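Colleague: Got upload_35.csv for you, CSV, N, CA and C atoms:
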```csv
chain,number,residue,atom,x,y,z
A,1,MET,N,214.7,41.5,282.0
A,1,MET,CA,214.8,42.3,280.8
A,1,MET,C,215.0,41.5,279.5
A,2,SER,N,214.3,41.9,278.5
A,2,SER,CA,214.3,41.1,277.3
A,2,SER,C,215.6,41.4,276.5
A,3,SER,N,216.0,40.5,275.6
A,3,SER,CA,217.1,40.6,274.8
A,3,SER,C,216.9,41.3,273.4
A,4,CYS,N,215.6,41.2,273.0
A,4,CYS,CA,215.2,41.7,271.7
A,4,CYS,C,214.0,42.6,271.8
A,5,PRO,N,213.7,43.4,270.7
A,5,PRO,CA,212.6,44.4,270.8
A,5,PRO,C,211.3,43.7,271.0
A,6,LYS,N,210.4,44.3,271.6
A,6,LYS,CA,209.0,43.8,271.8
A,6,LYS,C,208.1,44.3,270.7
A,7,TYR,N,207.3,43.3,270.2
A,7,TYR,CA,206.2,43.6,269.2
A,7,TYR,C,205.0,43.0,269.8
A,8,ALA,N,203.9,43.4,269.3
A,8,ALA,CA,202.6,42.9,269.8
A,8,ALA,C,202.5,41.4,269.4
A,9,PRO,N,202.3,40.5,270.3
A,9,PRO,CA,202.1,39.1,270.0
A,9,PRO,C,201.1,38.8,269.0
A,10,THR,N,200.1,39.6,268.8
A,10,THR,CA,199.0,39.4,267.8
A,10,THR,C,199.5,39.5,266.4
A,11,SER,N,200.7,40.1,266.2
A,11,SER,CA,201.2,40.3,264.9
A,11,SER,C,202.2,39.2,264.5
A,12,ILE,N,202.3,38.1,265.2
A,12,ILE,CA,203.2,37.1,264.9
A,12,ILE,C,202.6,36.2,263.8
A,13,THR,N,203.4,36.0,262.7
A,13,THR,CA,203.0,35.2,261.6
A,13,THR,C,203.3,33.8,261.9
A,14,PRO,N,202.6,32.9,261.1
A,14,PRO,CA,203.0,31.4,261.2
A,14,PRO,C,204.4,31.2,261.0
A,15,PHE,N,205.0,31.9,260.0
A,15,PHE,CA,206.4,31.7,259.7
A,15,PHE,C,207.3,32.1,260.9
A,16,ALA,N,207.0,33.2,261.6
A,16,ALA,CA,207.7,33.6,262.7
A,16,ALA,C,207.6,32.6,263.9
A,17,LYS,N,206.4,32.1,264.1
A,17,LYS,CA,206.2,31.0,265.1
A,17,LYS,C,207.1,29.8,264.8
A,18,LEU,N,207.2,29.5,263.5
A,18,LEU,CA,208.1,28.4,263.2
A,18,LEU,C,209.6,28.7,263.5
A,19,VAL,N,210.0,29.9,263.2
A,19,VAL,CA,211.3,30.4,263.5
A,19,VAL,C,211.6,30.3,265.0
A,20,TYR,N,210.7,30.8,265.8
A,20,TYR,CA,210.9,30.9,267.2
A,20,TYR,C,211.0,29.4,267.8
A,21,GLY,N,210.2,28.5,267.2
A,21,GLY,CA,210.2,27.1,267.7
A,21,GLY,C,211.6,26.5,267.4
A,22,TYR,N,212.1,26.7,266.2
A,22,TYR,CA,213.4,26.2,265.9
A,22,TYR,C,214.5,26.9,266.7
A,23,CYS,N,214.4,28.2,266.9
A,23,CYS,CA,215.4,28.9,267.7
A,23,CYS,C,215.5,28.4,269.1
A,24,LYS,N,214.4,28.0,269.7
A,24,LYS,CA,214.4,27.5,271.0
A,24,LYS,C,215.1,26.1,271.1
A,25,LYS,N,215.4,25.5,270.0
A,25,LYS,CA,216.1,24.2,270.0
A,25,LYS,C,217.6,24.4,270.1
A,26,ILE,N,218.1,25.6,269.9
A,26,ILE,CA,219.5,25.9,270.0
A,26,ILE,C,219.9,25.8,271.5
A,27,PRO,N,220.8,24.9,271.9
A,27,PRO,CA,221.1,24.8,273.3
A,27,PRO,C,222.0,25.9,273.8
A,28,LYS,N,221.9,26.1,275.1
A,28,LYS,CA,222.8,27.1,275.7
A,28,LYS,C,224.3,26.7,275.5
A,29,GLY,N,225.1,27.6,275.2
A,29,GLY,CA,226.5,27.4,274.9
A,29,GLY,C,226.8,27.1,273.4
A,30,LYS,N,225.7,27.2,272.6
A,30,LYS,CA,225.9,26.9,271.1
A,30,LYS,C,225.2,28.1,270.4
A,31,VAL,N,225.5,28.2,269.1
A,31,VAL,CA,224.8,29.1,268.2
A,31,VAL,C,224.5,28.4,266.9
A,32,SER,N,223.6,29.0,266.2
A,32,SER,CA,223.3,28.5,264.8
A,32,SER,C,223.3,29.7,263.9
A,33,THR,N,223.3,29.5,262.6
A,33,THR,CA,223.2,30.6,261.7
A,33,THR,C,221.8,30.8,261.2
A,34,TYR,N,221.6,32.0,260.6
A,34,TYR,CA,220.3,32.3,260.0
A,34,TYR,C,220.0,31.2,258.9
A,35,GLY,N,221.0,30.9,258.1
A,35,GLY,CA,220.8,29.9,257.0
A,35,GLY,C,220.6,28.5,257.5
A,36,GLU,N,221.3,28.1,258.6
A,36,GLU,CA,221.1,26.8,259.1
A,36,GLU,C,219.7,26.6,259.7
A,37,LEU,N,219.2,27.7,260.4
A,37,LEU,CA,217.9,27.7,261.0
A,37,LEU,C,216.9,27.6,259.8
A,38,ALA,N,217.1,28.3,258.8
A,38,ALA,CA,216.2,28.2,257.6
A,38,ALA,C,216.1,26.8,257.0
A,39,LYS,N,217.3,26.2,256.9
A,39,LYS,CA,217.4,24.9,256.3
A,39,LYS,C,216.7,23.9,257.2
A,40,ALA,N,216.9,24.0,258.5
A,40,ALA,CA,216.3,23.1,259.5
A,40,ALA,C,214.7,23.2,259.4
A,41,MET,N,214.2,24.4,259.1
A,41,MET,CA,212.8,24.6,259.0
A,41,MET,C,212.2,24.1,257.7
A,42,GLY,N,213.1,23.7,256.8
A,42,GLY,CA,212.7,23.2,255.4
A,42,GLY,C,212.5,24.4,254.5
A,43,LYS,N,213.1,25.5,254.8
A,43,LYS,CA,212.9,26.7,253.9
A,43,LYS,C,214.3,27.3,253.7
A,44,PRO,N,215.2,26.6,252.9
A,44,PRO,CA,216.6,26.9,252.8
A,44,PRO,C,216.9,28.3,252.2
A,45,LYS,N,216.0,28.9,251.5
A,45,LYS,CA,216.2,30.2,250.9
A,45,LYS,C,215.7,31.4,251.7
A,46,SER,N,215.3,31.1,253.0
A,46,SER,CA,214.7,32.1,253.7
A,46,SER,C,215.5,32.7,254.9
A,47,SER,N,216.8,32.7,254.8
A,47,SER,CA,217.6,33.1,255.9
A,47,SER,C,217.4,34.6,256.2
A,48,ARG,N,217.1,35.4,255.3
A,48,ARG,CA,216.8,36.9,255.6
A,48,ARG,C,215.5,37.0,256.3
A,49,ALA,N,214.5,36.2,255.9
A,49,ALA,CA,213.2,36.2,256.6
A,49,ALA,C,213.4,35.7,258.0
A,50,VAL,N,214.3,34.7,258.2
A,50,VAL,CA,214.5,34.3,259.6
A,50,VAL,C,215.1,35.4,260.4
A,51,GLY,N,216.0,36.2,259.8
A,51,GLY,CA,216.6,37.4,260.5
A,51,GLY,C,215.5,38.4,260.8
A,52,SER,N,214.6,38.6,259.9
A,52,SER,CA,213.5,39.6,260.1
A,52,SER,C,212.6,39.1,261.3
A,53,ALA,N,212.3,37.9,261.3
A,53,ALA,CA,211.4,37.3,262.4
A,53,ALA,C,212.1,37.5,263.7
A,54,LEU,N,213.4,37.1,263.8
A,54,LEU,CA,214.2,37.2,265.0
A,54,LEU,C,214.3,38.7,265.5
A,55,LYS,N,214.4,39.6,264.6
A,55,LYS,CA,214.5,41.0,264.9
A,55,LYS,C,213.2,41.5,265.7
A,56,LYS,N,212.1,40.8,265.4
A,56,LYS,CA,210.8,41.2,266.0
A,56,LYS,C,210.5,40.2,267.2
A,57,ASN,N,211.4,39.4,267.6
A,57,ASN,CA,211.1,38.4,268.7
A,57,ASN,C,210.6,39.0,270.0
A,58,PRO,N,209.3,38.8,270.3
A,58,PRO,CA,208.7,39.3,271.5
A,58,PRO,C,208.9,38.4,272.7
A,59,PHE,N,209.5,37.3,272.5
A,59,PHE,CA,209.6,36.3,273.6
A,59,PHE,C,211.0,36.1,274.2
A,60,ALA,N,211.9,37.0,273.8
A,60,ALA,CA,213.3,36.9,274.4
A,60,ALA,C,213.3,37.1,275.9
A,61,PRO,N,214.1,36.5,276.6
A,61,PRO,CA,215.1,35.5,276.2
A,61,PRO,C,214.6,34.1,276.2
A,62,HIS,N,213.3,33.8,276.4
A,62,HIS,CA,212.7,32.5,276.3
A,62,HIS,C,213.0,31.9,274.9
A,63,VAL,N,212.9,32.7,273.8
A,63,VAL,CA,213.3,32.4,272.5
A,63,VAL,C,214.6,33.1,272.3
A,64,PRO,N,215.7,32.4,272.4
A,64,PRO,CA,217.1,33.0,272.4
A,64,PRO,C,217.6,33.5,271.1
A,65,CYS,N,217.1,34.6,270.6
A,65,CYS,CA,217.5,35.1,269.3
A,65,CYS,C,219.0,35.5,269.3
A,66,HIS,N,219.6,35.7,270.5
A,66,HIS,CA,221.0,36.1,270.5
A,66,HIS,C,221.9,34.9,270.1
A,67,ARG,N,221.3,33.7,270.1
A,67,ARG,CA,222.1,32.5,269.7
A,67,ARG,C,222.1,32.3,268.2
A,68,VAL,N,221.7,33.2,267.4
A,68,VAL,CA,221.7,33.1,265.9
A,68,VAL,C,222.7,34.1,265.4
A,69,VAL,N,223.7,33.6,264.5
A,69,VAL,CA,224.7,34.4,264.0
A,69,VAL,C,224.7,34.3,262.5
A,70,ALA,N,225.6,35.1,261.8
A,70,ALA,CA,225.7,35.1,260.4
A,70,ALA,C,226.4,33.9,259.9
A,71,SER,N,226.3,33.5,258.7
A,71,SER,CA,226.9,32.3,258.1
A,71,SER,C,228.4,32.3,258.3
A,72,SER,N,229.0,33.5,258.3
A,72,SER,CA,230.5,33.6,258.6
A,72,SER,C,230.8,33.3,260.0
A,73,ARG,N,229.9,33.1,260.9
A,73,ARG,CA,230.0,32.9,262.3
A,73,ARG,C,230.3,34.3,263.0
A,74,GLU,N,230.2,35.4,262.3
A,74,GLU,CA,230.2,36.7,262.9
A,74,GLU,C,228.9,37.0,263.5
A,75,MET,N,228.8,37.9,264.4
A,75,MET,CA,227.6,38.0,265.2
A,75,MET,C,226.3,38.5,264.5
A,76,GLY,N,226.4,39.1,263.3
A,76,GLY,CA,225.3,39.6,262.6
A,76,GLY,C,224.6,40.7,263.4
A,77,GLY,N,223.3,40.8,263.4
A,77,GLY,CA,222.6,41.8,264.1
A,77,GLY,C,222.1,41.4,265.5
A,78,PHE,N,221.7,42.4,266.2
A,78,PHE,CA,221.1,42.1,267.5
A,78,PHE,C,220.3,43.3,268.0
A,79,HIS,N,219.1,43.0,268.5
A,79,HIS,CA,218.3,44.1,269.0
A,79,HIS,C,218.0,45.2,268.0
A,80,GLY,N,218.0,44.7,266.7
A,80,GLY,CA,217.7,45.7,265.7
A,80,GLY,C,218.9,46.4,265.1
A,81,SER,N,220.1,46.1,265.6
A,81,SER,CA,221.3,46.8,265.2
A,81,SER,C,222.3,45.8,264.5
A,82,THR,N,222.9,46.3,263.5
A,82,THR,CA,224.0,45.6,262.8
A,82,THR,C,225.3,46.4,262.9
A,83,ASP,N,225.3,47.5,263.5
A,83,ASP,CA,226.5,48.4,263.6
A,83,ASP,C,227.5,47.7,264.5
A,84,LEU,N,228.7,47.7,264.0
A,84,LEU,CA,229.8,47.1,264.8
A,84,LEU,C,230.5,48.2,265.7
A,85,VAL,N,230.4,49.4,265.4
A,85,VAL,CA,231.0,50.5,266.1
A,85,VAL,C,230.0,51.6,266.4
A,86,GLY,N,230.3,52.5,267.3
A,86,GLY,CA,229.4,53.6,267.7
A,86,GLY,C,228.5,53.1,268.7
A,87,THR,N,227.5,54.0,269.0
A,87,THR,CA,226.6,53.7,270.1
A,87,THR,C,225.7,52.5,269.9
A,88,ARG,N,225.3,52.2,268.7
A,88,ARG,CA,224.5,51.0,268.4
A,88,ARG,C,225.4,49.8,268.5
A,89,GLY,N,226.7,49.9,268.3
A,89,GLY,CA,227.6,48.7,268.5
A,89,GLY,C,227.5,48.1,269.9
A,90,SER,N,227.0,48.9,270.8
A,90,SER,CA,226.9,48.4,272.2
A,90,SER,C,226.0,47.2,272.3
A,91,GLU,N,225.0,47.1,271.3
A,91,GLU,CA,224.1,45.9,271.3
A,91,GLU,C,224.9,44.7,270.9
A,92,LEU,N,225.8,44.8,270.0
A,92,LEU,CA,226.6,43.6,269.6
A,92,LEU,C,227.6,43.2,270.7
A,93,ILE,N,228.1,44.2,271.5
A,93,ILE,CA,228.9,43.9,272.6
A,93,ILE,C,228.1,43.1,273.7
A,94,ARG,N,226.8,43.6,273.8
A,94,ARG,CA,225.9,42.9,274.8
A,94,ARG,C,225.7,41.4,274.3
A,95,LYS,N,225.5,41.3,273.0
A,95,LYS,CA,225.2,39.9,272.4
A,95,LYS,C,226.4,39.0,272.7
A,96,ARG,N,227.6,39.5,272.4
A,96,ARG,CA,228.8,38.8,272.7
A,96,ARG,C,229.0,38.4,274.1
A,97,LYS,N,228.6,39.3,275.0
A,97,LYS,CA,228.7,39.0,276.5
A,97,LYS,C,227.7,37.9,276.8
A,98,MET,N,226.5,38.0,276.3
A,98,MET,CA,225.5,37.0,276.6
A,98,MET,C,225.9,35.6,276.1
A,99,LEU,N,226.5,35.6,274.9
A,99,LEU,CA,227.0,34.3,274.4
A,99,LEU,C,228.1,33.8,275.2
A,100,ARG,N,229.1,34.6,275.6
A,100,ARG,CA,230.2,34.2,276.4
A,100,ARG,C,229.7,33.6,277.8
A,101,ASP,N,228.8,34.4,278.3
A,101,ASP,CA,228.2,33.9,279.6
A,101,ASP,C,227.6,32.6,279.6
A,102,GLU,N,227.1,32.2,278.4
A,102,GLU,CA,226.4,30.9,278.2
A,102,GLU,C,227.5,29.8,277.8
A,103,GLY,N,228.7,30.2,277.6
A,103,GLY,CA,229.8,29.2,277.3
A,103,GLY,C,230.2,29.2,275.8
A,104,VAL,N,229.7,30.1,275.0
A,104,VAL,CA,230.1,30.1,273.6
A,104,VAL,C,231.5,30.6,273.5
A,105,ASP,N,232.4,29.9,272.7
A,105,ASP,CA,233.7,30.3,272.5
A,105,ASP,C,233.9,31.2,271.2
A,106,PHE,N,234.8,32.1,271.2
A,106,PHE,CA,235.1,33.0,270.1
A,106,PHE,C,236.5,32.8,269.6
A,107,GLU,N,236.7,32.9,268.3
A,107,GLU,CA,238.1,32.9,267.8
A,107,GLU,C,238.8,34.2,268.2
A,108,GLU,N,240.1,34.2,268.3
A,108,GLU,CA,240.9,35.4,268.6
A,108,GLU,C,240.8,36.3,267.3
A,109,PRO,N,240.3,37.5,267.5
A,109,PRO,CA,240.2,38.3,266.3
A,109,PRO,C,241.5,39.0,265.9
A,110,SER,N,241.6,39.3,264.6
A,110,SER,CA,242.8,40.1,264.2
A,110,SER,C,242.7,41.5,264.8
A,111,GLU,N,243.8,42.2,264.7
A,111,GLU,CA,243.8,43.6,265.3
A,111,GLU,C,242.7,44.4,264.6
A,112,HIS,N,242.6,44.3,263.3
A,112,HIS,CA,241.6,45.0,262.5
A,112,HIS,C,240.2,44.7,263.0
A,113,ASP,N,239.9,43.4,263.1
A,113,ASP,CA,238.6,43.0,263.6
A,113,ASP,C,238.3,43.5,265.0
A,114,LYS,N,239.3,43.4,265.8
A,114,LYS,CA,239.2,43.8,267.3
A,114,LYS,C,238.8,45.3,267.3
A,115,LYS,N,239.4,46.1,266.5
A,115,LYS,CA,239.1,47.5,266.5
A,115,LYS,C,237.7,47.8,266.1
A,116,ARG,N,237.2,47.0,265.2
A,116,ARG,CA,235.8,47.1,264.7
A,116,ARG,C,234.8,46.4,265.6
A,117,GLY,N,235.3,45.7,266.6
A,117,GLY,CA,234.4,45.0,267.4
A,117,GLY,C,233.8,43.7,266.7
A,118,ASN,N,234.5,43.2,265.8
A,118,ASN,CA,234.0,42.1,264.9
A,118,ASN,C,234.6,40.8,265.5
A,119,TYR,N,233.7,40.0,266.1
A,119,TYR,CA,234.2,38.7,266.7
A,119,TYR,C,233.5,37.6,266.0
A,120,LYS,N,234.2,36.5,265.8
A,120,LYS,CA,233.7,35.3,265.2
A,120,LYS,C,233.6,34.1,266.2
A,121,VAL,N,232.4,33.5,266.2
A,121,VAL,CA,232.2,32.3,267.0
A,121,VAL,C,233.1,31.2,266.5
A,122,SER,N,233.7,30.4,267.5
A,122,SER,CA,234.5,29.3,267.1
A,122,SER,C,233.6,28.2,266.5
A,123,SER,N,234.2,27.4,265.6
A,123,SER,CA,233.4,26.4,264.9
A,123,SER,C,232.8,25.3,265.9
A,124,GLY,N,233.5,25.1,267.0
A,124,GLY,CA,233.1,24.2,268.0
A,124,GLY,C,231.8,24.6,268.8
A,125,SER,N,231.5,25.9,268.7
A,125,SER,CA,230.3,26.4,269.4
A,125,SER,C,229.0,26.4,268.5
A,126,VAL,N,229.2,25.8,267.3
A,126,VAL,CA,228.0,25.9,266.3
A,126,VAL,C,227.2,24.6,266.5
A,127,HIS,N,225.9,24.9,266.7
A,127,HIS,CA,224.9,23.8,266.8
A,127,HIS,C,224.5,23.3,265.4
A,128,HIS,N,224.4,22.0,265.2
A,128,HIS,CA,223.9,21.5,264.0
A,128,HIS,C,222.6,20.8,264.2
A,129,PHE,N,221.6,21.2,263.5
A,129,PHE,CA,220.3,20.5,263.7
A,129,PHE,C,220.3,19.1,263.1
A,130,ALA,N,219.7,18.2,263.7
A,130,ALA,CA,219.7,16.8,263.3
A,130,ALA,C,218.8,16.6,262.0
```
Mind converting the file's structure to structure tokens?

Modeller:
Amino acid sequence: MSSCPKYAPTSITPFAKLVYGYCKKIPKGKVSTYGELAKAMGKPKSSRAVGSALKKNPFAPHVPCHRVVASSREMGGFHGSTDLVGTRGSELIRKRKMLRDEGVDFEEPSEHDKKRGNYKVSSGSVHHFA
């Protein structure tokens, strides 16, 4: 089962191919941010475009889009959802479980964040591109 929505591979842009190539460099047990991925690609102002490309990733889990988080180290979106609560929030719960299963550590959330389902990746689990 794939982690992200499927789109026709014929619609993949050169930019998206670049995003997917860099995303595959994030090792299991680590995450990167949309901004860090954009910087590594040499396109430091394109973090939103990176997110858009990952939202359309047809190669998951081979291209591990679940390993990309917001600059705050909060989970950001997943499977087209950014909702933290409600039925669509179940996608972010799934993303957190996938990351934990791979060995990613999370900070202990405040009670407020715990109620919202808002979890932050620990700084030790962040991958830095060389």

Colleague: With distances taken over only N, CA and C atoms, which residue among A:Ser110, A:Tyr119, A:Cys23, A:Asp101 lies nearest Cys65 in chain A?

Modeller: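 Among the listed residues, the smallest separation from Cys65 in chain A belongs to A:Cys23.
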
Colleague: So which residues of range 5-111 of chain A fall under helix (DSSP H, G or I) by DSSP, listed as a PyMOL selection string?

Modeller: chain A and resi 9-11+14-23+34-40+47-55+65-67+89-101+111

Colleague: Using atom C of Lys56 in chain A and atom C of Ala16 in chain A as the two end points, give the distance in Å to one decimal.

Modeller: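 Distance reported for this atom pair: 8.8 Å.
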
Colleague: Go through A:Met41, A:Phe59, A:Gly35, A:Leu92 one by one, measure the shortest atom-to-atom distance of each to Tyr22 in chain A using only N, CA and C atoms, and give the residue with the smallest value.

Modeller: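 Looking at the shortest contact to Tyr22 in chain A, the residue is A:Met41.
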
Colleague: Which residue, A:Leu54, A:Leu99, A:Ala130, A:Met75, has the smallest gap to Lys28 in chain A when you use only C-alpha atoms?

Modeller: A:Leu99

Colleague: For His62 in chain A, which residue out of A:Lys95, A:Lys24, A:Leu18, A:Arg116 is the nearest one, using all atoms listed in the file?

Modeller: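 Distance minimum relative to His62 in chain A lands on A:Lys24.
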
Colleague: Can you check which residues of chain A DSSP gives as strand (DSSP E) on the backbone and send them as a list of chain:residue names?

Modeller: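 So, restricting chain A to strand (DSSP E), we get A:Ser32, A:Thr33, A:Val68, A:Val69.
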
Colleague: Kindly indicate which residue among A:Pro27, A:Pro14, A:Gly51, A:Gly76 lies nearest to Ser125 in chain A, using only C-alpha atoms for the distances.

Modeller: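 Under the stated criterion, the closest residue is A:Pro27.
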
Colleague: At what distance in Å, to one decimal, does atom N of Pro109 in chain A lie from atom C of Pro64 in chain A?

Modeller: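 Separation between atom C of Pro64 in chain A and atom N of Pro109 in chain A: 23.3 Å.
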
Colleague: For Arg67 in chain A, which residue out of A:Gly21, A:Phe106, A:Val126, A:Lys114 is the nearest one, using only C-alpha atoms?

Modeller: A:Val126

Colleague: Report, in Å to a single decimal, how far apart atom N of Lys17 in chain A and CA of Val50 in chain A are.

Modeller: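 Atom N of Lys17 in chain A lies 9.5 Å from CA of Val50 in chain A.
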
Colleague: If you count only N, CA and C atoms, which residues fall within 6.5 Å of Ser72 in chain A, apart from same-chain ones fewer than 3 positions away, as a VMD selection string?

Modeller: chain A and resid 69 120 to 121
